[in-house]
Amino acid sequence: MKIVIDLNWLIPFFNSPFFAGLATILTGLTAYFIYLKQKRDEKQKIARVIFIEILDCEKIFSLVKKSGVVNLSNIRQLPFSSTWTEHKYLFANDLDNSEISFIDDFFAECKLINLELDEAYNLPTYWKEKARIVAERHAVYSEKNENKDLYEKAKEKLKKFEVDEYFWQPNFPTKQIVERIKGIGHISSTSTGTKFKQIANL
């Protein structure tokens, strides 16, 4: 018994409006699914960058909470970028308002710490300038007041300037950074961190 398959119907089918419409729909669906995959991959990549930045900052915070800022040169700047600020809208459907605010606050504190670190690195320049001003004033007071008691009284005018803890002493900025870090909550160990880790597929 010989079986004959008639394929003559294929050409009219491929040339029919139905096939053209079906092909258009399938092409559109394929393009849409590719787009969704690309967006998902992009979101996952961004989430990974953000989560790694959080972990890197938290490691530094743990070190500071344990030992304080012994040497500012070891922590020149916290390792984070503006990735969260620029892309947080991508996670609006994954995180609630309080979780988004939690991450907002975390990076806002990181930004403030970097500004304070920046300020702290400029302090040696201030100290040199302060030493110069104090030495000059003492020389002037010494020249104008031959009596030692008058000289000591004149020096009292500089006391406030000499003990200023903000611009002229190293302790205040360091203490301020440590205290700020102590108040920052870690994200990675919370439910917010768990959600973000899942989004990042880590």
# chains A, B, ... in the order shown; residues from 1 in each chain; ligands from 1
>>> residues_around(residues="Val140 of chain A", least_positions_apart="6", cutoff="12 Å", atoms="only C-alpha atoms", output="VMD selection string")
chain A and resid 133 to 134 146 151 154 to 155
>>> closest_residue(among="A:Phe51, A:Phe91, A:Phe106, A:Tyr121", to="Arg180 of chain A", atoms="only C-alpha atoms")
A:Phe106
>>> closest_residue(among="A:Ile103, A:Ile75, A:Ala47, A:Leu90", to="Thr190 of chain A", atoms="only C-alpha atoms")
A:Ile103
>>> residues_around(residues="Ile181 of chain A", least_positions_apart="5", cutoff="10 Å", atoms="only C-alpha atoms", output="ChimeraX atom specification")
/A:58,60-62,64-65,68,109-110,113,175-176
>>> select_by_dssp(residues="segment 46-201 of chain A", states="helix (DSSP H, G or I)", output="ChimeraX atom specification")
/A:46-67,72-74,83-91,97-121,123-144,148-156,159-163,171-182,191-200
